[in-house]
Amino acid sequence: MKTPFVTLEQVEELVKEYPTPFHLYDEKGIRENARKLKEAFSWNKGFREYFAVKATPNPFLLKILQEEGCGTDCSSMTELMMSEALGFQNKDIMFSSNVTPEEEYVKAKELGAFINLDDFTHIEFLERTCGIPETIFCRYNPGGFFKLGTDIMDNPGDAKYGFTKEQLIEGFKILKSKGVKNFGIHSFLASNTVTNEYYPMLAKVLFELAVEVKEKTGADIKYINLSGGVGIPYKPDQEGNDIMEIGIGVKKAFEEILVPNGMGDVSIFTELGRFMLAPYGCLVTKVIHQKHIYKEYIGVDACAVNLMRPAIYGAYHHISVLGKEDAACDFKYDVTGSLCENNDKFAIDRMLPKINIGDYLVIHDTGAHGFAMGYNYNGKLKSAEVLLKEDGSAQLIRRKETPEDYFATFDFCDILKDVKY
Ligand SMILES: *Cc1c(COP(=O)(O)O)cnc(C)c1O
C-alpha cells in the first residue's frame, strides 16, 4: 500500500496558487531519511553522503540536504556552478564524471573538489589540463557480471565506466609518482537495487581491492566511495531497503577486511540520488480528458516531458487518485499525456478507482530522476516545483517554464521577433 504524502484538501489549496502539473516535495520526509542514512553509517568516522545532483538539481532541495550534512556529487559544469553558488566548496564536492571536458576538470580543481577519474587516460589528460591534485579518486569497473547469489544484478562488463583492475593498480603507481598523497576508490555496479545486500557486497569487493592495491602500490587509501544505486520500492508490493541493515552489512565487511589490514581509518562515502529523494517527491496532475476506444484512456495535463521514466524504461510509478485512496480499483485504464508519441503513458492497463474529469492524480516517487530528466519535446514546457515545508506551508522552488523561456535561445536573432506572448 502506497499513500501519498499530500491529501486532496491540500492539493485543492495548492492549485489555487500553482496550477497543475507540478512536482511536489516533502521536506519532512527528506530530512528524516537523510538523518537515518547518517545514523546508519555513524560507526564510520569520516562518513559522508554526496547527493547526486543530477537526480534533482534544485538549489532549495540541495540546501536542505546541505543542512543535513550532505555534500554534492557533480558531473557537469552547471552542477559544479550550482554547488559553488550554494556554498559547497573543497571537500563538500565530489566530481564523478566521465568523458569529461577540460573546462570541467579546471572548474572542479579550482573549487578544490574531490576529483574522481573515470579512465586511465584521464591521468595524463588531467595533468595537461590543470595538474594533478594531492587527493584523487579512481573509478573501478570489475567487468563481467555483478552477482548476488545466483541472481545477476548488473553487467559492469558492458558499462562504459571506470578502470580495469590492472589499470587501477598501474594508475595508482603513476599518480603516486606524480605526487598524489591521498587516494580514493569509487565504483557503481548496480542501479536501483532493492536488497539490503547491494552495498555490503560492493563494499566487500572494494575493500578487498583496496587491500590489494595498497599492498601492490603503497598508496595511502583514505576513502572508499560506494556511489549510488541503493533503490526504492516503486511498486506497492515491493519491500523497501532497510538502511540500518545496510549500514550494519557494510560495517561487518569493514571490520572483516579493512580493520585487520590496518585500514580502519578509511572514510566511507556514498553518492545516493534516488534513495535520498525519490519517495519524497510526486507529480501532481489533473485529469482533463477521458477517451473510450479500443481501450479506456485517462488524459492528464502532465506528459513525459514532466516524467520520462515510464516512457523510456517502461518504469512503474504508482498512481493514487486523490480523495479515492480507499476506493476499490476495479477500472482498467491507460493514463496518458499529450505528446504525439504513443509511449507517452504514465501507466498501461492499470487498475484504478473510477476516474472522473477534474480528478487529481498523484504519480508517486518522482523526487529523483523525475523533473531532472525533463525535455521540451512537442514544445511542451517544464512544470513548477513546489516544496511542502515541515510547517505545512508551501513554497515555490522553481517556477514553471514560459513560452518566453522556450524561445529564449533564439533571442540573438530577429526571426521570431513577432512571437506574441
Ligand atoms: C547517477 C549517479 C549516482 C546516483 O545514482 P542513484 O541511482 O540515483 O543513487 C551516483 N553517482 C554517480 C557517478 C552517478 O552517475
# chains A, B, ... in the order shown; residues from 1 in each chain; ligands from 1

call {"tool": "closest_atom_pairs", "arguments": {"of": "chain A", "to": "ligand 1", "cutoff": "8 Å", "atoms": "only C-alpha atoms and all ligand atoms", "output": "tab-separated table"}}
result
residue	atom	partner	partner_atom_place_in_ligand_line	distance
A:Phe51	CA	ligand 1	4 (C)	7.6
A:Ala52	CA	ligand 1	4 (C)	5.0
A:Lys54	CA	ligand 1	1 (C)	6.7
A:Ala55	CA	ligand 1	8 (O)	5.8
A:Asp73	CA	ligand 1	11 (N)	6.8
A:Cys74	CA	ligand 1	13 (C)	7.9
A:Ser75	CA	ligand 1	13 (C)	7.3
A:Ser96	CA	ligand 1	13 (C)	5.0
A:Ser97	CA	ligand 1	13 (C)	6.4
A:Phe188	CA	ligand 1	11 (N)	6.9
A:Ser191	CA	ligand 1	7 (O)	5.2
A:Asn192	CA	ligand 1	7 (O)	5.4
A:Ser227	CA	ligand 1	11 (N)	4.8
A:Gly228	CA	ligand 1	9 (O)	3.4
A:Gly229	CA	ligand 1	7 (O)	4.1
A:Val230	CA	ligand 1	9 (O)	5.6
A:Gly231	CA	ligand 1	7 (O)	6.6
A:Thr270	CA	ligand 1	10 (C)	7.8
A:Glu271	CA	ligand 1	10 (C)	4.6
A:Leu272	CA	ligand 1	9 (O)	3.9
A:Gly273	CA	ligand 1	8 (O)	3.3
A:Arg274	CA	ligand 1	8 (O)	3.7
A:Phe275	CA	ligand 1	9 (O)	5.9
A:Met276	CA	ligand 1	9 (O)	7.8
A:Ala368	CA	ligand 1	8 (O)	6.8
A:His369	CA	ligand 1	8 (O)	7.1

call {"tool": "residues_around", "arguments": {"residues": "Leu61 of chain A", "least_positions_apart": "5", "cutoff": "9 Å", "atoms": "only C-alpha atoms", "output": "number ranges by chain"}}
result
A: 25, 27, 30, 56, 66, 387, 397

call {"tool": "write_last_selection", "arguments": {"atoms": "N, CA, C and O atoms", "output": "mmCIF file, in the first residue's frame"}}
result
data_model
loop_
_atom_site.group_PDB
_atom_site.id
_atom_site.type_symbol
_atom_site.label_atom_id
_atom_site.label_comp_id
_atom_site.auth_asym_id
_atom_site.auth_seq_id
_atom_site.Cartn_x
_atom_site.Cartn_y
_atom_site.Cartn_z
ATOM 1 N N TYR A 25 7.444 18.327 -3.292
ATOM 2 C CA TYR A 25 8.458 17.652 -2.458
ATOM 3 C C TYR A 25 8.110 17.795 -0.985
ATOM 4 O O TYR A 25 7.553 18.809 -0.565
ATOM 5 N N GLU A 27 9.481 18.112 2.598
ATOM 6 C CA GLU A 27 10.681 18.454 3.380
ATOM 7 C C GLU A 27 10.884 17.521 4.572
ATOM 8 O O GLU A 27 12.003 17.077 4.846
ATOM 9 N N ILE A 30 12.270 14.190 3.528
ATOM 10 C CA ILE A 30 13.659 14.322 3.066
ATOM 11 C C ILE A 30 14.606 14.384 4.267
ATOM 12 O O ILE A 30 15.618 13.677 4.318
ATOM 13 N N THR A 56 18.157 15.488 -8.874
ATOM 14 C CA THR A 56 17.193 16.553 -8.581
ATOM 15 C C THR A 56 17.932 17.881 -8.410
ATOM 16 O O THR A 56 18.207 18.308 -7.298
ATOM 17 N N GLN A 66 22.182 20.036 2.382
ATOM 18 C CA GLN A 66 23.393 20.653 2.943
ATOM 19 C C GLN A 66 23.221 20.834 4.456
ATOM 20 O O GLN A 66 24.123 20.521 5.240
ATOM 21 N N LEU A 387 7.654 23.043 -2.793
ATOM 22 C CA LEU A 387 8.116 22.353 -1.582
ATOM 23 C C LEU A 387 7.031 22.435 -0.517
ATOM 24 O O LEU A 387 6.563 23.530 -0.180
ATOM 25 N N ILE A 397 9.628 26.452 -5.479
ATOM 26 C CA ILE A 397 11.086 26.338 -5.535
ATOM 27 C C ILE A 397 11.608 26.276 -6.976
ATOM 28 O O ILE A 397 12.802 26.204 -7.199
#

call {"tool": "closest_residue", "arguments": {"among": "A:Leu388, A:Ile357, A:Ile132, A:Val266", "to": "Phe60 of chain A", "atoms": "only C-alpha atoms"}}
result
A:Leu388

call {"tool": "closest_atom_pairs", "arguments": {"of": "segment 363-415 of chain A", "to": "segment 11-14 of chain A", "cutoff": "10 Å", "atoms": "only C-alpha atoms", "output": "Markdown table"}}
result
| residue | atom | partner | partner_atom | distance |
| --- | --- | --- | --- | --- |
| A:Val386 | CA | A:Leu14 | CA | 9.1 |
| A:Leu388 | CA | A:Leu14 | CA | 9.7 |
| A:Ser393 | CA | A:Leu14 | CA | 9.5 |
| A:Ala394 | CA | A:Leu14 | CA | 7.6 |
| A:Gln395 | CA | A:Leu14 | CA | 9.9 |

call {"tool": "closest_residue", "arguments": {"among": "A:Gly247, A:Gly144, A:Pro279, A:Pro133", "to": "Glu32 of chain A", "atoms": "only C-alpha atoms"}}
result
A:Pro279

call {"tool": "select_by_dssp", "arguments": {"residues": "segment 78-148 of chain A", "states": "helix (DSSP H, G or I)", "output": "ChimeraX atom specification"}}
result
/A:78-85,90-92,102-111,121-129

call {"tool": "select_by_dssp", "arguments": {"residues": "segment 173-336 of chain A", "states": "strand (DSSP E)", "output": "JSON, numbers by chain"}}
result
{"A": [182, 183, 184, 185, 186, 221, 222, 223, 224, 225, 267, 268, 269, 270, 281, 282, 283, 284, 285, 286, 287, 288, 289, 290, 291, 292, 296, 297, 298, 299, 300, 319, 320, 321, 331, 332, 333, 334, 335, 336]}

call {"tool": "atom_distance", "arguments": {"atom1": "atom CA of Gly374 of chain A", "atom2": "atom CA of Gly299 of chain A"}}
result
19.0 Å

call {"tool": "atom_distance", "arguments": {"atom1": "atom CA of Thr78 of chain A", "atom2": "atom CA of Pro101 of chain A"}}
result
12.6 Å

call {"tool": "closest_residue", "arguments": {"among": "A:Asp326, A:Asp154, A:Asp411, A:Asp220", "to": "Leu202 of chain A", "atoms": "only C-alpha atoms"}}
result
A:Asp154

call {"tool": "closest_residue", "arguments": {"among": "A:Gly171, A:Pro156, A:Gly249, A:Gly240", "to": "Thr193 of chain A", "atoms": "only C-alpha atoms"}}
result
A:Gly240

call {"tool": "atom_distance", "arguments": {"atom1": "atom CA of Asp118 of chain A", "atom2": "atom CA of Trp43 of chain A"}}
result
29.0 Å

call {"tool": "residues_around", "arguments": {"residues": "Ile363 of chain A", "least_positions_apart": "2", "cutoff": "7 Å", "atoms": "only C-alpha atoms", "output": "tab-separated table (two decimals) with C-alpha atoms, in the first residue's frame"}}
result
chain	number	residue	atom	x	y	z
A	282	CYS	CA	5.47	13.31	-6.55
A	283	LEU	CA	3.97	14.68	-9.74
A	284	VAL	CA	0.52	16.18	-9.21
A	317	HIS	CA	5.26	4.68	-11.00
A	318	HIS	CA	2.40	4.12	-8.61
A	319	ILE	CA	-0.65	6.34	-9.12
A	320	SER	CA	-3.14	7.46	-6.47
A	361	LEU	CA	-3.72	12.15	-9.64
A	365	ASP	CA	8.25	8.57	-6.37

call {"tool": "closest_residue", "arguments": {"among": "A:Arg139, A:His23, A:Lys235, A:Arg48", "to": "Ser267 of chain A", "atoms": "only C-alpha atoms"}}
result
A:Arg48

call {"tool": "residues_around", "arguments": {"residues": "Lys216 of chain A", "least_positions_apart": "2", "cutoff": "12 Å", "atoms": "only C-alpha atoms", "output": "PyMOL selection string"}}
result
chain A and resi 165-166+168-173+209-214+218-220

call {"tool": "write_last_selection", "arguments": {"atoms": "N, CA, C and O atoms", "output": "mmCIF file, in the first residue's frame"}}
result
data_model
loop_
_atom_site.group_PDB
_atom_site.id
_atom_site.type_symbol
_atom_site.label_atom_id
_atom_site.label_comp_id
_atom_site.auth_asym_id
_atom_site.auth_seq_id
_atom_site.Cartn_x
_atom_site.Cartn_y
_atom_site.Cartn_z
ATOM 1 N N LYS A 165 41.067 -3.500 -13.238
ATOM 2 C CA LYS A 165 41.917 -3.630 -12.047
ATOM 3 C C LYS A 165 43.385 -3.349 -12.374
ATOM 4 O O LYS A 165 44.073 -2.633 -11.640
ATOM 5 N N GLU A 166 43.852 -3.886 -13.494
ATOM 6 C CA GLU A 166 45.250 -3.671 -13.885
ATOM 7 C C GLU A 166 45.528 -2.186 -14.090
ATOM 8 O O GLU A 166 46.558 -1.672 -13.673
ATOM 9 N N LEU A 168 43.911 0.267 -12.748
ATOM 10 C CA LEU A 168 43.805 0.979 -11.478
ATOM 11 C C LEU A 168 45.125 0.864 -10.700
ATOM 12 O O LEU A 168 45.626 1.846 -10.145
ATOM 13 N N ILE A 169 45.704 -0.326 -10.698
ATOM 14 C CA ILE A 169 46.964 -0.528 -9.974
ATOM 15 C C ILE A 169 48.086 0.277 -10.630
ATOM 16 O O ILE A 169 48.833 1.009 -9.965
ATOM 17 N N GLU A 170 48.161 0.184 -11.940
ATOM 18 C CA GLU A 170 49.164 0.954 -12.677
ATOM 19 C C GLU A 170 48.934 2.460 -12.476
ATOM 20 O O GLU A 170 49.879 3.223 -12.252
ATOM 21 N N GLY A 171 47.667 2.842 -12.539
ATOM 22 C CA GLY A 171 47.300 4.253 -12.380
ATOM 23 C C GLY A 171 47.699 4.797 -11.013
ATOM 24 O O GLY A 171 48.228 5.911 -10.908
ATOM 25 N N PHE A 172 47.473 4.037 -9.967
ATOM 26 C CA PHE A 172 47.834 4.489 -8.618
ATOM 27 C C PHE A 172 49.354 4.679 -8.516
ATOM 28 O O PHE A 172 49.833 5.621 -7.891
ATOM 29 N N LYS A 173 50.112 3.771 -9.162
ATOM 30 C CA LYS A 173 51.589 3.907 -9.131
ATOM 31 C C LYS A 173 52.006 5.211 -9.804
ATOM 32 O O LYS A 173 52.839 5.956 -9.296
ATOM 33 N N LEU A 209 39.737 -4.985 -2.843
ATOM 34 C CA LEU A 209 40.545 -4.304 -3.852
ATOM 35 C C LEU A 209 41.496 -3.309 -3.184
ATOM 36 O O LEU A 209 42.685 -3.237 -3.525
ATOM 37 N N ALA A 210 40.973 -2.561 -2.212
ATOM 38 C CA ALA A 210 41.793 -1.543 -1.535
ATOM 39 C C ALA A 210 43.001 -2.193 -0.846
ATOM 40 O O ALA A 210 44.120 -1.664 -0.917
ATOM 41 N N VAL A 211 42.771 -3.315 -0.209
ATOM 42 C CA VAL A 211 43.870 -4.012 0.469
ATOM 43 C C VAL A 211 44.927 -4.430 -0.564
ATOM 44 O O VAL A 211 46.137 -4.219 -0.371
ATOM 45 N N GLU A 212 44.469 -5.003 -1.668
ATOM 46 C CA GLU A 212 45.389 -5.457 -2.714
ATOM 47 C C GLU A 212 46.156 -4.283 -3.334
ATOM 48 O O GLU A 212 47.378 -4.345 -3.521
ATOM 49 N N VAL A 213 45.427 -3.203 -3.617
ATOM 50 C CA VAL A 213 46.058 -2.045 -4.258
ATOM 51 C C VAL A 213 47.087 -1.415 -3.316
ATOM 52 O O VAL A 213 48.170 -1.015 -3.728
ATOM 53 N N LYS A 214 46.740 -1.356 -2.053
ATOM 54 C CA LYS A 214 47.673 -0.780 -1.079
ATOM 55 C C LYS A 214 48.963 -1.620 -1.021
ATOM 56 O O LYS A 214 50.077 -1.085 -1.012
ATOM 57 N N GLY A 218 51.530 0.732 -2.449
ATOM 58 C CA GLY A 218 51.881 1.553 -1.289
ATOM 59 C C GLY A 218 51.042 2.815 -1.181
ATOM 60 O O GLY A 218 51.331 3.700 -0.363
ATOM 61 N N ALA A 219 49.978 2.908 -2.005
ATOM 62 C CA ALA A 219 49.132 4.117 -1.983
ATOM 63 C C ALA A 219 48.390 4.220 -0.653
ATOM 64 O O ALA A 219 47.965 3.214 -0.095
ATOM 65 N N ASP A 220 48.244 5.458 -0.187
ATOM 66 C CA ASP A 220 47.525 5.687 1.064
ATOM 67 C C ASP A 220 46.044 5.876 0.749
ATOM 68 O O ASP A 220 45.612 6.958 0.349
#

call {"tool": "residues_around", "arguments": {"residues": "Tyr375 of chain A", "least_positions_apart": "6", "cutoff": "10 Å", "atoms": "only C-alpha atoms", "output": "list in words"}}
result
Ala304, Val305, Asn306, Leu307, Met308, Leu381 and Lys382 of chain A
